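First up is the structure itself, then whatever we jot down about it.
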Amino acid sequence: MRHLAHPLIGALFVAVVATAGCKKNDPSELLGAGTSSGDCPSGAGGMSAATTGAATTGAGGSASTAASASAGSGAGGGLTGTVLDQRKKSYTEALRTASFKLVGNAPTLQQIEDLKSAADQKTAYEAQIDAMMADARFSKRMIAFWQNTMRLGGSAGGGKPSRDTAPTFAARLTVEGTSLGNLFTATSNTCPTFDGTKFIDGDCVNGPITAGILADPGLQSQYFGNLAFRRVRFFQETFACRKQPAELSTMPKPIGTSGQSYTSPWDFNSIAGTDNGGRIDFHDVSSAICANCHTSSNHRAPLFANFDEAGAYQPTIQVQVPVATLPPAMMTDWLPQTGSPPEGPAWKFGVPTKDLTELGAAMAADDEVMTCAVSRVWNYAMSKGDIVIDAATVAPEVITPLFKDFKQNGYNLRSVIRAAFVHEDFVRF
């Protein structure tokens, strides 16, 4: 991580593990996260000479040895503070990092010299950030950001639609400062292109409903799969920033002979199984509680089921069931239809969504979805890994103030990007 390049970092993490409740050294929390030295036991805020030796000599210092050395007497001449406390502001170094991320190239010598000689470096640095975000290259970088986020990109060909339209649409919303909620609710110009300098309007007429990227043919083609579960996983991990299970009950309960916990807030029988009309036994509890994940997945999947392998909407269900002969799926493969009314699709427990329009509105109104976007911007700025694939989560203390401003600004993600690149933690090294 760019802010923690320090020879004592190994010992630092050992000390963190040993003082489980101590947040001061958590690299995700960073400066101004609302913690204080009172969060850490005496001596845990720094590293003693003994800790340093165990960490750097390769003499086999175990976790317990390092922990006792770190948590031991501060009177033994141990260092005070933490690695994070030792960081210094460097607007010129921050400019270099920001330039690569915002325009894809290093700052010019003139930019560096102007910043060095500025009477007020903070103001001069922020002005340069604004200039980079006004550069046409910023649009290209945002397209790349969203392509990486969505794991999606490529021109049309081989009977497949363009996979560039969804990330380009997301980039346009970002660059133009339009509400990110439109990513799931817009009814026009959801498939724009970029000519190298500007975005060009473009529509994807793909079914009776247009709801942002939810009906994007390239996206639906890319994530085609049995029972539409690849599509469900894409939207969950990309826009809720968590792997399955998507929902957790506040009161899990044992189920089955093994006594494993059923953790979903949904009724266990709200989804299909071989005992109520389905061809896949989502009620199986022999080795794992399938319903923990599938109560959410099965309520979402039917909404994406009519898009075929080429991503085109069809009047009938196009995804298959992974049983002999791979038959087309039916609603009863996901949800029981014997009740009155029959079980219908939903985004989450208590949030029914009968079609893509309602799904898009639910996602746009979901704080979890919008917080995920803020977290992804933070990780991008801080050169952290993917929040899901690499488990590069961000502490709420960091994200909450950024999300609050994001929401107050009408979900303008451009404002979050600027806030991240001028943040007190971004300019410290």
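How things are named: the first chain in the structure tokens is A, the next is B, and so on; residues count from 1 in each chain; ligands count from 1 in the order shown.
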Do you know which residues are at most 8 Å from Ala364 of chain A counting only C-alpha atoms, after dropping those on the same chain fewer than 2 positions away, and could you put them as a ChimeraX atom specification? /A:180-185,360-362,366,369-370
Write down as a ChimeraX atom specification the residues of segment 150-332 of chain A whose backbone DSSP state falls under strand (DSSP E). /A:193-194,199-200,253-255,260-262
Only C-alpha atoms, please: the residues just picked out, written as a PDB file, in the first residue's frame.
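Saved result, out-v9.pdb, follows:
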```pdb
ATOM      1  CA  THR A 193     -19.767   5.856 -27.108  1.00  0.00           C
ATOM      2  CA  PHE A 194     -16.612   7.929 -26.652  1.00  0.00           C
ATOM      3  CA  PHE A 199     -19.214  11.203 -25.161  1.00  0.00           C
ATOM      4  CA  ILE A 200     -21.728  10.605 -27.941  1.00  0.00           C
ATOM      5  CA  LYS A 253     -31.439 -20.427  13.403  1.00  0.00           C
ATOM      6  CA  PRO A 254     -30.345 -24.070  13.175  1.00  0.00           C
ATOM      7  CA  ILE A 255     -31.792 -26.167  10.391  1.00  0.00           C
ATOM      8  CA  GLN A 260     -26.031 -25.713  10.680  1.00  0.00           C
ATOM      9  CA  SER A 261     -27.249 -22.131  10.797  1.00  0.00           C
ATOM     10  CA  TYR A 262     -29.800 -20.777   8.389  1.00  0.00           C
TER      11      TYR A 262
END
```
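Picture a line from atom CA of Thr210 of chain A to atom CA of Lys160 of chain A; it runs 19.3 Å.
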For Lys198 of chain A, please output as a PyMOL selection string all residues within 10 Å (counting only C-alpha atoms; exclusion window: fewer than 2 positions along the same chain). chain A and resi 136-137+139-140+172+193-196+200-201
Residues as selected, N, CA and C atoms, written as a short mmCIF file (atom, residue, chain, number, x, y, z; two decimals), in the first residue's frame, can you do that?
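So selection.cif came out as:
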```cif
data_model
loop_
_atom_site.label_atom_id
_atom_site.label_comp_id
_atom_site.auth_asym_id
_atom_site.auth_seq_id
_atom_site.Cartn_x
_atom_site.Cartn_y
_atom_site.Cartn_z
N ALA A 136 -9.67 15.92 -21.18
CA ALA A 136 -10.35 14.83 -21.90
C ALA A 136 -9.80 13.48 -21.50
N ARG A 137 -8.54 13.44 -21.09
CA ARG A 137 -7.95 12.17 -20.68
C ARG A 137 -8.60 11.59 -19.43
N SER A 139 -11.74 11.41 -18.92
CA SER A 139 -12.84 10.56 -19.40
C SER A 139 -12.33 9.17 -19.76
N LYS A 140 -11.19 9.11 -20.41
CA LYS A 140 -10.61 7.81 -20.77
C LYS A 140 -10.27 7.00 -19.52
N ARG A 172 -19.52 8.17 -18.23
CA ARG A 172 -20.16 9.44 -18.59
C ARG A 172 -20.87 10.05 -17.39
N THR A 193 -21.13 6.18 -26.68
CA THR A 193 -19.77 5.86 -27.11
C THR A 193 -18.87 7.04 -26.77
N PHE A 194 -17.57 6.86 -26.94
CA PHE A 194 -16.61 7.93 -26.65
C PHE A 194 -15.68 8.03 -27.84
N ASP A 195 -15.55 9.25 -28.41
CA ASP A 195 -14.76 9.41 -29.63
C ASP A 195 -13.31 9.85 -29.36
N GLY A 196 -12.91 9.81 -28.10
CA GLY A 196 -11.57 10.22 -27.74
C GLY A 196 -11.52 11.57 -27.07
N ILE A 200 -20.73 10.47 -26.89
CA ILE A 200 -21.73 10.61 -27.94
C ILE A 200 -22.95 9.79 -27.55
N ASP A 201 -24.13 10.40 -27.62
CA ASP A 201 -25.37 9.73 -27.25
C ASP A 201 -25.54 8.41 -28.00
#
```
